[in-house]
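Participant: This is the structure I have questions about; it appears just below.
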Amino acid sequence: MERKHFAVAGFTGLIVAIQLATRITGTEYFLTQLTMTAYYSLVIVGLCMLIGYAGQISLGHAGFFAIGGYVTAFLTTWDLKSNHGAFVSLLERSGALVSRQDVYGGNLLTVHPWLACVSAILLTVVVAYLVGGPVLKLKGHYLAMATLGIGIIVYRIVLGTEFLGASDGISEVPGFPLPGGLVVTGDSSLRISNYYLAWGVVILGMVLLLNLIHSRVGRALAALHGAEDAAEAMGIPTARYKLHTFVLSAVFASLAGVLLTHFNGGIGPSEAGVMKSVRYVAIVAIGGMANLWGALSMSLVLNYLSLRGYFGTYDDAVFGAILILIMLFAPDGLLRRHLFSDMKRLFSRDHAGEEAP
């Protein structure tokens with residue numbers, strides 16, 4: 001078994017052990033925050049791929065998270081009964097719409113959560129492609145400022161748009177139905193199943209990214225991160241790789257936004273705030289810029305502590321301070337991984353006639 005498979009198996013065992021520990025100690029209510037931590041961790045690992053492997057910083061990923069969350073929240077709470085035209089009737093017959101009751105017992109006709117999720121992801125892909133093309137031509141602090149601008153734009157839109165709930169956000173979002181009778185919801189009776197669902201999604205995302213890293217694409221990203229001009233001279237389409245990695249990380253953030261919105265039953269404009277993006281970058285930094293497992297581990301610890309309220313009113317200040325200290329004293333992260341030595345090993349195996357993992 002390859003080392004990456006051992007890591008996946010070990011982390012899966014840790015997730016199971018945590019759940020069993022909460023059951024033995026009678027603290028299963030902790031699973032609610034741990035489930036939310038899983039969805040935020042999905043953003044973290046996608047951002048780690050972008051920053052640590054493609055070498056592109058983003059301070060706007062909270063915006064992509066909010067796009068996913070707000071699109072699914074709006075579509076699954078928008079009552080189409082009053083607009084019952086031919087197109088709406090066609091959607092209803094095709095199963096794209098679903099009838100349900102609101103909290104007051106009234107009947108609603110809304111977009112099915114699966115269609116809402118697909119719509120959210122597609123919109124994220126379109127936005128990421130449209131802004132990523134020109135923005136990723138920038139470098140250094142110019143890139144950071146441009147991506148920060150993206151996040152601010154999304155934040156101001158959701159904060160000032162009435163049909164998106166403005167400062168109140170959107171509530172009464174239904175659960176997300178899955179095969180086998182499973183539902184992504186914050187219902188306490190489904191706490192354990194939702195815990196495993198959330199971390200299962202994270203583990204699947206990690207497997208995808210690990211396979212990507214240990215492929216020709218991963219080696220191209222390593223070359224791009226190390227010396228972009230040299231990689232370009234070697235024939236590597238650096239612009240395309242940067243853009244595709246940016247879009248992939250945006251999709252991870254958007255999917256996390258969709259699932260967490262259904263789990264929480266709503267979303268507010270704070271999810272698109274600048275400090276959310278700073279928090280994501282801080283966790284990636286402390287976990288190691290090119291260390292997916294380090295970023296995931298730090299996300300598990302720091303997001304959980306934050307959600308449990310251990311930092312109190314100083315929550316944002318703590319993450320801001322973490323980012324400053326890491327940049328000053330450990331710019332490669334506390335749990336840094338020797339990315340380029342790993343890539344050198346992969347290249348040497350290729351040159352020896354062996355197939356890289």
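Labels used: A, B, ... for chains in the order of the structure tokens, numbers from 1 for residues in each chain, and numbers from 1 for ligands as shown.
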May I have all residues of stretch 104-271 of chain A that DSSP, computed from the backbone, assigns to strand (DSSP E), given as an MDAnalysis selection string?
Facilitator: chainID A and resid 107:111 170:171 176:177 183:184 266:267
Participant: Write out as a ChimeraX atom specification all residues of stretch 81-194 of chain A that DSSP puts in alpha helix (DSSP H) for this structure's backbone.
Facilitator: /A:86-94,113-135,140-160,191-194
Participant: Taking only C-alpha atoms into account, which of A:Leu136, A:Ala66, A:Val207, A:Val127 comes nearest A:Ala9?
Facilitator: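 Looking only at the distances to A:Ala9, the closest residue turns out to be A:Val207.
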Participant: Write out as a PyMOL selection string the residues lying within 12 Å of A:Val16, counting only C-alpha atoms and excluding same-chain residues fewer than 3 positions away.
Facilitator: chain A and resi 9-13+19-23+31+192-193+195-197+199-200
Participant: Can you write out the residues you just picked, keeping N, CA and C atoms, as an mmCIF file, in the first residue's frame?
Facilitator:
data_model
loop_
_atom_site.group_PDB
_atom_site.id
_atom_site.type_symbol
_atom_site.label_atom_id
_atom_site.label_comp_id
_atom_site.auth_asym_id
_atom_site.auth_seq_id
_atom_site.Cartn_x
_atom_site.Cartn_y
_atom_site.Cartn_z
ATOM 1 N N ALA A 9 -6.126 6.140 5.234
ATOM 2 C CA ALA A 9 -6.663 5.160 6.176
ATOM 3 C C ALA A 9 -6.485 5.640 7.617
ATOM 4 N N GLY A 10 -5.328 6.231 7.915
ATOM 5 C CA GLY A 10 -5.075 6.727 9.260
ATOM 6 C C GLY A 10 -6.013 7.857 9.639
ATOM 7 N N PHE A 11 -6.252 8.777 8.706
ATOM 8 C CA PHE A 11 -7.156 9.888 9.003
ATOM 9 C C PHE A 11 -8.592 9.394 9.165
ATOM 10 N N THR A 12 -8.984 8.427 8.351
ATOM 11 C CA THR A 12 -10.317 7.842 8.488
ATOM 12 C C THR A 12 -10.473 7.206 9.863
ATOM 13 N N GLY A 13 -9.436 6.504 10.312
ATOM 14 C CA GLY A 13 -9.462 5.916 11.647
ATOM 15 C C GLY A 13 -9.593 6.973 12.729
ATOM 16 N N GLN A 19 -15.509 10.066 16.886
ATOM 17 C CA GLN A 19 -16.942 9.827 17.080
ATOM 18 C C GLN A 19 -17.184 8.845 18.224
ATOM 19 N N LEU A 20 -16.383 7.794 18.277
ATOM 20 C CA LEU A 20 -16.537 6.815 19.355
ATOM 21 C C LEU A 20 -16.219 7.440 20.711
ATOM 22 N N ALA A 21 -15.233 8.320 20.729
ATOM 23 C CA ALA A 21 -14.869 8.978 21.987
ATOM 24 C C ALA A 21 -16.003 9.865 22.486
ATOM 25 N N THR A 22 -16.667 10.575 21.574
ATOM 26 C CA THR A 22 -17.788 11.423 21.996
ATOM 27 C C THR A 22 -18.954 10.576 22.502
ATOM 28 N N ARG A 23 -19.108 9.391 21.933
ATOM 29 C CA ARG A 23 -20.197 8.512 22.380
ATOM 30 C C ARG A 23 -19.913 7.962 23.775
ATOM 31 N N LEU A 31 -20.246 16.781 17.934
ATOM 32 C CA LEU A 31 -20.240 16.388 16.526
ATOM 33 C C LEU A 31 -20.834 17.467 15.620
ATOM 34 N N ILE A 192 -24.920 11.850 13.980
ATOM 35 C CA ILE A 192 -23.806 10.944 13.692
ATOM 36 C C ILE A 192 -23.671 10.707 12.192
ATOM 37 N N SER A 193 -24.797 10.460 11.516
ATOM 38 C CA SER A 193 -24.734 10.208 10.078
ATOM 39 C C SER A 193 -24.212 11.433 9.331
ATOM 40 N N TYR A 195 -22.172 13.664 10.546
ATOM 41 C CA TYR A 195 -20.740 13.755 10.852
ATOM 42 C C TYR A 195 -19.931 12.915 9.866
ATOM 43 N N TYR A 196 -20.361 11.676 9.653
ATOM 44 C CA TYR A 196 -19.633 10.804 8.732
ATOM 45 C C TYR A 196 -19.792 11.241 7.280
ATOM 46 N N LEU A 197 -20.973 11.768 6.937
ATOM 47 C CA LEU A 197 -21.175 12.271 5.580
ATOM 48 C C LEU A 197 -20.206 13.414 5.278
ATOM 49 N N TRP A 199 -17.304 14.318 6.782
ATOM 50 C CA TRP A 199 -15.904 13.936 6.704
ATOM 51 C C TRP A 199 -15.642 12.970 5.551
ATOM 52 N N GLY A 200 -16.680 12.228 5.144
ATOM 53 C CA GLY A 200 -16.536 11.385 3.960
ATOM 54 C C GLY A 200 -16.299 12.218 2.717
#
Participant: Which residues of stretch 92-177 of chain A come within 8 Å of stretch 274-279 of chain A, and for each one, what is the closest pair of atoms and their distance in Å to one decimal, counting only C-alpha atoms, sorted by chain and residue number, as JSON lines?
Facilitator:
{"residue": "A:Leu148", "atom": "CA", "partner": "A:Val274", "partner_atom": "CA", "distance": 7.4}
{"residue": "A:Gly151", "atom": "CA", "partner": "A:Val274", "partner_atom": "CA", "distance": 6.6}
{"residue": "A:Ile152", "atom": "CA", "partner": "A:Val274", "partner_atom": "CA", "distance": 6.7}
Participant: Can you spit out the residues from that selection as a compact mmCIF listing (two decimals), in the first residue's frame, using N, CA and C atoms?
Facilitator:
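Output file result.txt follows:
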# COMPACT_ATOMS: atom_id res chain seq x y z
N LEU A 148 -8.75 39.65 -3.25
CA LEU A 148 -9.45 40.29 -2.14
C LEU A 148 -10.61 41.12 -2.66
N GLY A 151 -13.66 38.92 -3.36
CA GLY A 151 -14.39 38.60 -2.15
C GLY A 151 -15.22 39.77 -1.65
N ILE A 152 -14.67 40.99 -1.72
CA ILE A 152 -15.39 42.17 -1.26
C ILE A 152 -16.62 42.42 -2.13
Participant: For A:Leu178, which of A:Leu259, A:Ala166, A:Ile67, A:Ile267 is the closest residue, counting only C-alpha atoms?
Facilitator: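 Looking only at the distances to A:Leu178, the closest residue turns out to be A:Leu259.
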Participant: Excluding A:Ala220 and its own-chain neighbours fewer than 5 positions away, which residues fall within 10 Å of it when counting only C-alpha atoms? Please give them as a list of chain:residue names.
Facilitator: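 Here the answer would be A:Tyr53, A:Ala54, A:Ile213, A:Ser215, A:His225, A:Gly226, A:Glu228, A:Ala231, A:Ile236, A:Pro237, A:Thr238, A:Tyr241, A:Met343.
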Participant: Hey, can you spit out that residue selection with C-alpha atoms as an mmCIF file, in the first residue's frame?
Facilitator:
data_model
loop_
_atom_site.group_PDB
_atom_site.id
_atom_site.type_symbol
_atom_site.label_atom_id
_atom_site.label_comp_id
_atom_site.auth_asym_id
_atom_site.auth_seq_id
_atom_site.Cartn_x
_atom_site.Cartn_y
_atom_site.Cartn_z
ATOM 1 C CA TYR A 53 1.139 23.695 -5.293
ATOM 2 C CA ALA A 54 0.135 26.216 -7.975
ATOM 3 C CA ILE A 213 -0.526 15.838 -6.989
ATOM 4 C CA SER A 215 0.433 12.763 -11.487
ATOM 5 C CA HIS A 225 5.557 26.887 -8.307
ATOM 6 C CA GLY A 226 9.345 26.650 -8.329
ATOM 7 C CA GLU A 228 7.177 29.806 -13.588
ATOM 8 C CA ALA A 231 8.300 25.977 -16.644
ATOM 9 C CA ILE A 236 4.272 23.728 -19.708
ATOM 10 C CA PRO A 237 1.062 25.735 -20.300
ATOM 11 C CA THR A 238 1.362 27.597 -17.000
ATOM 12 C CA TYR A 241 -2.680 25.039 -15.125
ATOM 13 C CA MET A 343 8.896 16.079 -6.735
#
Participant: With only C-alpha atoms as the basis for distance, which of A:Gln33, A:Lys242, A:Ser41, A:Leu255 is at the shortest distance from A:Leu122?
Facilitator: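 Closest to A:Leu122 of all the choices is A:Leu255.
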Participant: By how many Å are atom CA of A:Gly309 and atom CA of A:Asn291 apart?
Facilitator: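 About the pair atom CA of A:Gly309 and atom CA of A:Asn291: they are 26.8 Å apart.
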Participant: With only C-alpha atoms as the atoms that count, which of A:Leu302, A:Ile286, A:Ala233, A:Val202 lies nearest to A:Met327?
Facilitator: A:Ile286
Participant: If we count only C-alpha atoms, what is near A:Leu159 at a cut-off of 8 Å, once residues fewer than 5 positions away on the same chain are taken out, given as number ranges by chain?
Facilitator: A: 164-167, 169, 269
Participant: I need the residue nearest A:Ile170 from this list: A:Phe65, A:Tyr40, A:Phe311, A:Tyr70. Use only C-alpha atoms for the distance.
Facilitator: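 That would be A:Tyr70, the residue with the smallest distance to A:Ile170.
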Participant: Which one is closest to A:Val258: A:Gly320, A:Gly26, A:Gly180, A:Gly175? Count only C-alpha atoms.
Facilitator: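 Between A:Gly320, A:Gly26, A:Gly180, A:Gly175, the residue approaching A:Val258 most closely is A:Gly175.
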Participant: Can you tell me how far atom CA of A:Thr261 sits from atom CA of A:Phe74, in Å to one decimal?
Facilitator: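 So the two atoms, atom CA of A:Thr261 and atom CA of A:Phe74, lie 10.7 Å apart.
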Participant: Show me, as a list of chain:residue names, the residues that have an atom within 9 Å of A:Leu248 when counting only C-alpha atoms, minus same-chain residues fewer than 2 positions from it.
Facilitator: A:Gly46, A:Met49, A:Leu50, A:Val125, A:Ala128, A:Leu243, A:His244, A:Thr245, A:Phe246, A:Ala250, A:Val251, A:Phe252, A:Ala253
Participant: Please, what distance in Å, to one decimal, runs between atom CA of A:Gly69 and atom CA of A:Leu47?
Facilitator: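 Atom-to-atom, atom CA of A:Gly69 and atom CA of A:Leu47 are spaced 17.5 Å apart.
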